[in-house]
Structure formats: structure tokens, C-alpha cells
Amino acid sequence: LCQSIIKPDKFMQKAHELGFKYAILADINTMSGAMKFMKEAKGEYKKDGQKVKIDIKPIIGVTLDIVNTYKDIKVHDVKGKKFTLGEMEDKDVFEGTITLLAKNQLGWHSLLKLVSIANKPSRYKDRPTISTETLLALEESNLIVLTGGYNSLVAHKVIDHEARFATTFDEAKAFIKKGEDEWTVKATEYINELKRIFGNDNVYLEVQRENMPINHYLNKGIRWLGKSTNTKCLPS
């Protein structure tokens with residue numbers, strides 16, 4: 001909903017007309033639209049003057065921005081003059097995104113906790129985030145993981161962050177991480193860590209349609225990782 005112009009009622013109406021049995025909502029760093037989404041999944045609409053009942057199972061999730069937090073020297077800026085006093089502060093480096101879906105009520109509660117952490121004033125800088133340490137410290141079997149597209153944590157193991165700006169296949173190819181051994185090892189380690197945390201059957205690698213040049217090369221890497229780690233790939 002955060003990046004869509006379609007309203008929940010219209011979304012559910014179209015999903016019902018297409019015969020969908022399930023619908024997923026995974027807003028970015030928030031679950032504020034979840035209640036409305038669930039209500040409309042069991043709502044109704046009028047067609048040819050008749051009321052039509054919707055009966056779609058809603059699946060609630062969240063897409064989280066993950067950052068790596070490190071200590072650095074705090075820089076003071078007074079009237080354009082910068083200086084330091086030897087103080088240290090936390091700084092965040094954006095690592096990528098990950099999508100988590102609730103399997104059950106316990107998973108719902110886990111999502112609420114993670115979103116609360118992401119939106120704490122102490123964490124909230126320019127946007128809500130959670131740290132890689134928070135993610136990797138989880139022991140969770142009630143959530144399903146979708147690794148995400150070109151802006152995801154797993155994608156950034158394969159391609160450079162700026163790859164989304166590539167407009168041609170030649171430009172996109174230049175953004176592939178150099179050194180096959182390096183990116184395959186790092187990406188494999190990350191996927192295995194996710195499977196340790198969430199369970200082997202709860203982790204899915206996303207393969208997105210190739211409407212961008214970079215997705216052509218990224219999808220090849222994702223499919224290779226799926227085979228090498230015995231992880232299912234999911235089109236999205």
C-alpha cells in the first residue's frame with residue numbers, strides 16, 4: 001500500500017474477480033494498513049446491482065529496511081565549521097531489504113515486535129530500520145522469508161547497489177560483483193543463515209520479472225543460488 005495507488009477495497013475486488021484465494025500485504029517498515037486489508041478480504045462489492053461477497057485469505061507481512069550499524073567519530077557542525085571532540089556515535093549503512101510474512105498468530109506478534117523496534121526513536125533516522133544484528137539474533141519459525149528483488153540484502157551480495165540505475169544490458173553487466181568465488185560464498189552464507197533462523201522450508205528466493213536490465217543478470221545469480229543451497233525460488 002505504501003507504494004501503490006490502488007485502494008484495499010478495489011484491490012480485493014479485482015483479486016476476487018481473478019479468482020485469487022490468497023492476497024499478501026507487505027508494506028515497507030509498517031503494518032498500519034493490515035487491519036483495513038484484512039477487513040476488505042472478507043468484504044463485499046456491487047456488480048450488476050448485486051452484492052458480491054469476497055472470501056480471500058489475507059496474508060500479512062512487512063518489508064524491512066536492514067542496516068549495518070557501526071561506531072564512528074561524531075562530527076559537530078557549527079555555522080558551517082566542522083570539528084570533533086572524540087565522541088563516538090552510531091552510524092547506519094543501508095544493507096538491503098527483506099520481506100517477512102506471518103504464518104500464524106505467533107508470527108503476527110513477531111512482526112509487531114520487529115516493526116516496533118524499527119520505529120523506535122533511537123533507531124529512526126531518515127526512515128525506520130532494523131540492524132543486521134537484530135535480524136540475525138532471531139530464532140523464529142513462525143515467519144516466512146521472501147528475500148526480495150534488486151534492492152534486497154541477498155541481491156546486494158550479487159550486484160552493486162547502484163545497479164538499479166543501469167539502463168542497458170551492458171551497463172547492468174558491469175554492476176555484477178567481481179570475483180565469482182567471493183559473491184557466491186557471501187550470498188550462500190547469508191541464505192544458510194536465514195534458513196538457520198527461520199527454518200529450511202520457510203525461506204524463498206525471489207525471482208522478479210525482467211523489466212529492468214539488471215534483473216536479467218540478478219535472476220541468473222538467484223537461480224544458481226537456489227540450486228546450490230537447495231532453496232526454492234518464487235516468482236514475484
# chains A, B, ... in the order shown; residues from 1 in each chain; ligands from 1

$ residues_around --residues "range 32-39 of chain A" --least-positions-apart "5" --cutoff "10 Å" --atoms "only C-alpha atoms" --output "number ranges by chain"
A: 1-2, 7-9, 11-12, 23-27, 44, 56-62

$ closest_residue --among "A:Thr147, A:Leu194, A:Leu205, A:Ile117" --to "Trp224 in chain A" --atoms "only C-alpha atoms"
A:Leu205

$ residues_around --residues "Lys157 in chain A" --least-positions-apart "6" --cutoff "7 Å" --atoms "only C-alpha atoms" --output "compact mmCIF listing (two decimals) with N, CA and C atoms, in the first residue's frame"
# COMPACT_ATOMS: atom_id res chain seq x y z
N TRP A 183 31.31 -13.48 -4.25
CA TRP A 183 29.88 -13.23 -4.07
C TRP A 183 29.09 -14.50 -3.83
N LYS A 186 29.59 -15.37 -0.07
CA LYS A 186 28.87 -14.46 0.82
C LYS A 186 27.36 -14.66 0.72
N ALA A 187 26.84 -14.80 -0.49
CA ALA A 187 25.41 -14.98 -0.68
C ALA A 187 24.95 -16.32 -0.10

$ atom_distance --atom1 "CA of Asn200 in chain A" --atom2 "CA of Ile159 in chain A"
24.5 Å

$ closest_residue --among "A:Gln208, A:Thr134, A:Asn151, A:Ser116" --to "Met31 in chain A" --atoms "only C-alpha atoms"
A:Ser116
